[in-house]
>>> print(open('my_file-v4.csv').read())   # CSV, C-alpha atoms
chain,number,residue,atom,x,y,z
A,9,MET,CA,22.2,-10.9,-4.9
A,10,ALA,CA,18.8,-10.9,-3.2
A,11,LYS,CA,15.7,-9.6,-5.0
A,12,LEU,CA,12.8,-8.3,-3.0
A,13,ILE,CA,9.6,-9.9,-4.2
A,14,HIS,CA,6.8,-9.0,-1.8
A,15,THR,CA,5.7,-7.6,1.6
A,16,MET,CA,3.0,-9.3,3.6
A,17,ILE,CA,0.2,-7.6,5.6
A,18,ARG,CA,-2.6,-9.2,7.5
A,19,VAL,CA,-6.1,-8.0,6.8
A,20,ARG,CA,-9.5,-8.5,8.4
A,21,GLU,CA,-11.8,-8.1,5.4
A,22,LEU,CA,-10.3,-9.3,2.2
A,23,GLU,CA,-12.7,-7.7,-0.3
A,24,ARG,CA,-12.4,-4.3,1.5
A,25,SER,CA,-8.6,-4.4,1.2
A,26,LEU,CA,-8.7,-5.6,-2.4
A,27,LYS,CA,-10.9,-2.6,-3.3
A,28,PHE,CA,-8.5,-0.2,-1.5
A,29,TYR,CA,-5.4,-1.4,-3.2
A,30,GLU,CA,-7.0,-1.5,-6.6
A,31,SER,CA,-8.6,1.9,-6.4
A,32,VAL,CA,-5.7,3.7,-4.6
A,33,LEU,CA,-2.6,2.0,-6.0
A,34,ASP,CA,-3.9,0.4,-9.2
A,35,MET,CA,-2.8,-3.0,-8.0
A,36,LYS,CA,-4.6,-6.1,-9.3
A,37,GLU,CA,-4.7,-9.7,-8.0
A,38,SER,CA,-1.9,-11.6,-9.6
A,39,HIS,CA,-2.6,-14.9,-7.9
A,40,ARG,CA,-4.4,-16.4,-4.9
A,41,LEU,CA,-3.7,-19.4,-2.6
A,42,ASP,CA,-6.7,-20.6,-0.5
A,43,PHE,CA,-6.3,-22.9,2.5
A,44,PRO,CA,-8.7,-24.0,5.2
A,45,GLU,CA,-7.2,-21.6,7.8
A,46,PHE,CA,-6.1,-18.7,5.6
A,47,THR,CA,-6.0,-17.1,2.2
A,48,LEU,CA,-3.1,-15.4,0.5
A,49,VAL,CA,-3.8,-12.9,-2.2
A,50,TYR,CA,-0.9,-11.3,-4.2
A,51,LEU,CA,-1.4,-7.9,-5.7
A,52,ARG,CA,0.8,-6.3,-8.4
A,53,ALA,CA,0.7,-3.1,-10.4
A,54,GLU,CA,1.2,-3.3,-14.1
A,55,GLY,CA,4.8,-3.3,-15.1
A,56,CYS,CA,6.0,-4.0,-11.6
A,57,HIS,CA,7.3,-7.3,-10.2
A,58,PHE,CA,7.1,-6.4,-6.5
A,59,GLU,CA,3.9,-7.6,-4.8
A,60,ILE,CA,1.8,-7.0,-1.7
A,61,GLU,CA,0.6,-10.2,-0.1
A,62,LEU,CA,-2.7,-9.8,1.7
A,63,THR,CA,-3.1,-12.6,4.3
A,64,LEU,CA,-6.6,-13.3,5.6
A,65,ASN,CA,-6.6,-15.5,8.6
A,66,LYS,CA,-10.0,-17.1,8.5
A,67,GLY,CA,-12.1,-16.8,11.7
A,68,ARG,CA,-10.2,-14.0,13.2
A,69,GLU,CA,-12.4,-11.3,14.7
A,70,ASP,CA,-9.9,-9.1,16.5
A,71,ASP,CA,-8.1,-6.2,14.8
A,72,TYR,CA,-4.4,-6.6,14.3
A,73,SER,CA,-1.9,-4.4,16.3
A,74,HIS,CA,0.8,-2.6,14.3
A,75,GLY,CA,3.0,-2.1,17.3
A,76,THR,CA,5.8,0.4,17.3
A,77,GLY,CA,7.9,-1.2,14.6
A,78,TYR,CA,5.8,-1.0,11.4
A,79,GLY,CA,6.4,2.2,9.3
A,80,HIS,CA,4.8,2.2,5.9
A,81,VAL,CA,4.7,0.9,2.4
A,82,ALA,CA,5.6,3.4,-0.4
A,83,ALA,CA,4.5,3.8,-3.9
A,84,VAL,CA,5.4,6.4,-6.6
A,85,VAL,CA,3.0,8.2,-8.9
A,86,PRO,CA,3.5,10.8,-11.7
A,87,ASP,CA,1.6,13.6,-9.8
A,88,ALA,CA,1.0,13.6,-6.0
A,89,ASN,CA,-1.6,16.3,-6.1
A,90,ALA,CA,-3.7,14.6,-8.7
A,91,LYS,CA,-3.4,11.2,-7.0
A,92,ARG,CA,-4.3,12.8,-3.6
A,93,ALA,CA,-7.4,14.3,-5.1
A,94,GLN,CA,-8.4,11.0,-6.5
A,95,VAL,CA,-7.8,9.2,-3.2
A,96,ASP,CA,-9.8,11.9,-1.3
A,97,ALA,CA,-12.7,11.5,-3.8
A,98,LEU,CA,-12.8,7.8,-3.0
A,99,GLY,CA,-13.3,8.7,0.7
A,100,TYR,CA,-10.0,7.4,2.0
A,101,ALA,CA,-8.9,10.7,3.8
A,102,PRO,CA,-5.3,11.2,2.7
A,103,THR,CA,-3.1,13.7,4.5
A,104,ALA,CA,-2.1,16.9,2.8
A,105,VAL,CA,0.7,16.8,0.2
A,106,LYS,CA,3.9,17.8,1.8
A,107,GLU,CA,7.3,18.7,0.4
A,108,PHE,CA,10.6,17.4,1.8
A,109,LYS,CA,13.4,19.8,1.2
A,110,ARG,CA,17.1,20.2,1.9
A,111,GLY,CA,17.4,24.0,1.9
A,112,GLU,CA,15.7,25.0,-1.3
A,113,GLU,CA,16.3,21.7,-3.0
A,114,LEU,CA,13.1,19.6,-3.4
A,115,LEU,CA,13.8,16.0,-2.4
A,116,ALA,CA,10.3,14.6,-2.4
A,117,ARG,CA,6.6,15.5,-2.6
A,118,PHE,CA,4.3,13.1,-0.9
A,119,PHE,CA,1.2,12.3,1.2
A,120,PHE,CA,0.0,9.4,3.4
A,121,VAL,CA,-3.2,7.4,3.4
A,122,GLN,CA,-4.2,4.4,5.6
A,123,ASP,CA,-5.6,1.2,4.2
A,124,PRO,CA,-8.8,-0.3,5.8
A,125,ASP,CA,-6.6,-2.1,8.4
A,126,GLY,CA,-4.7,1.0,9.4
A,127,TYR,CA,-1.5,0.3,7.4
A,128,LYS,CA,0.2,3.5,6.3
A,129,ILE,CA,0.9,4.0,2.6
A,130,GLU,CA,3.2,6.8,1.5
A,131,VAL,CA,2.5,8.0,-2.0
A,132,LEU,CA,5.5,9.8,-3.5
A,133,GLU,CA,5.6,11.9,-6.7
A,134,GLN,CA,8.1,10.8,-9.3
A,135,HIS,CA,11.1,13.0,-8.7
A,136,GLY,CA,14.8,12.7,-8.1
A,137,HIS,CA,15.5,9.5,-6.2
A,138,TYR,CA,11.9,8.3,-6.7
A,139,ARG,CA,11.7,7.6,-10.4
>>> encode(input="my_file-v4.csv", output="structure tokens")
Amino acid sequence: MAKLIHTMIRVRELERSLKFYESVLDMKESHRLDFPEFTLVYLRAEGCHFEIELTLNKGREDDYSHGTGYGHVAAVVPDANAKRAQVDALGYAPTAVKEFKRGEELLARFFFVQDPDGYKIEVLEQHGHYR
């Protein structure tokens, strides 16, 4: 059986991205690999084994293009409204909290925010499937 361990995203300014992921998703650096041409920084939330790998290609000046294939990374929090207020206070401009329903049944409560490189992060409230 395969076990997912990380997702990789390329970033332009490593410190700016580290600040975002720590303040928005409570992720901290678990380890770092530094090479002459690039640096890999792995971030993990407490109690979670899945990581985000930030890849900094040294000397790159152009922004990355996300194309039409990239969707988002998702994280779950106890209270979407409280987390959205915190993210907004940090100046990251999250979308409004939305509810996804089937008829009257609440399936999910969530909002989106973009990291400094434009990657979309979906923040879901712990509920139903997302526990």
>>> closest_residue(input="my_file-v4.csv", among="A:Ile17, A:Leu62, A:Ser25, A:Glu113", to="His39 (chain A)", atoms="only C-alpha atoms")
A:Leu62
>>> residues_around(input="my_file-v4.csv", residues="Thr47 (chain A)", least_positions_apart="6", cutoff="7 Å", atoms="all atoms listed in the file", output="PyMOL selection string")
chain A and resi 41+63-65
>>> closest_residue(input="my_file-v4.csv", among="A:Cys56, A:Tyr78, A:Phe43, A:Val131", to="Ala104 (chain A)", atoms="all atoms listed in the file")
A:Val131
>>> closest_residue(input="my_file-v4.csv", among="A:His137, A:His74, A:Arg52, A:Arg92", to="Phe118 (chain A)", atoms="only C-alpha atoms")
A:Arg92
>>> residues_around(input="my_file-v4.csv", residues="Phe58 (chain A)", least_positions_apart="5", cutoff="12 Å", atoms="all atoms listed in the file", output="PDB file with C-alpha atoms, keeping the file's coordinate frame")
ATOM      1  CA  LYS A  11      15.700  -9.600  -5.000  1.00  0.00           C
ATOM      2  CA  LEU A  12      12.800  -8.300  -3.000  1.00  0.00           C
ATOM      3  CA  ILE A  13       9.600  -9.900  -4.200  1.00  0.00           C
ATOM      4  CA  HIS A  14       6.800  -9.000  -1.800  1.00  0.00           C
ATOM      5  CA  THR A  15       5.700  -7.600   1.600  1.00  0.00           C
ATOM      6  CA  MET A  16       3.000  -9.300   3.600  1.00  0.00           C
ATOM      7  CA  MET A  35      -2.800  -3.000  -8.000  1.00  0.00           C
ATOM      8  CA  SER A  38      -1.900 -11.600  -9.600  1.00  0.00           C
ATOM      9  CA  TYR A  50      -0.900 -11.300  -4.200  1.00  0.00           C
ATOM     10  CA  LEU A  51      -1.400  -7.900  -5.700  1.00  0.00           C
ATOM     11  CA  ARG A  52       0.800  -6.300  -8.400  1.00  0.00           C
ATOM     12  CA  ALA A  53       0.700  -3.100 -10.400  1.00  0.00           C
ATOM     13  CA  VAL A  81       4.700   0.900   2.400  1.00  0.00           C
ATOM     14  CA  ALA A  82       5.600   3.400  -0.400  1.00  0.00           C
ATOM     15  CA  ALA A  83       4.500   3.800  -3.900  1.00  0.00           C
TER      16      ALA A  83
END
>>> closest_residue(input="my_file-v4.csv", among="A:Gly99, A:Gly126, A:Lys109, A:Val85", to="Arg20 (chain A)", atoms="all atoms listed in the file")
A:Gly126
>>> residues_around(input="my_file-v4.csv", residues="Tyr138 (chain A)", least_positions_apart="2", cutoff="10 Å", atoms="all atoms listed in the file", output="compact mmCIF listing (two decimals) with C-alpha atoms, keeping the file's coordinate frame")
# COMPACT_ATOMS: atom_id res chain seq x y z
CA ALA A 83 4.50 3.80 -3.90
CA VAL A 84 5.40 6.40 -6.60
CA VAL A 85 3.00 8.20 -8.90
CA LEU A 115 13.80 16.00 -2.40
CA ALA A 116 10.30 14.60 -2.40
CA ARG A 117 6.60 15.50 -2.60
CA LEU A 132 5.50 9.80 -3.50
CA GLU A 133 5.60 11.90 -6.70
CA GLN A 134 8.10 10.80 -9.30
CA HIS A 135 11.10 13.00 -8.70
CA GLY A 136 14.80 12.70 -8.10
>>> atom_distance(input="my_file-v4.csv", atom1="CA of Tyr29 (chain A)", atom2="CA of Val95 (chain A)")
10.9 Å
>>> closest_residue(input="my_file-v4.csv", among="A:Gly75, A:Leu26, A:Pro124, A:Lys91", to="Ile60 (chain A)", atoms="only C-alpha atoms")
A:Leu26
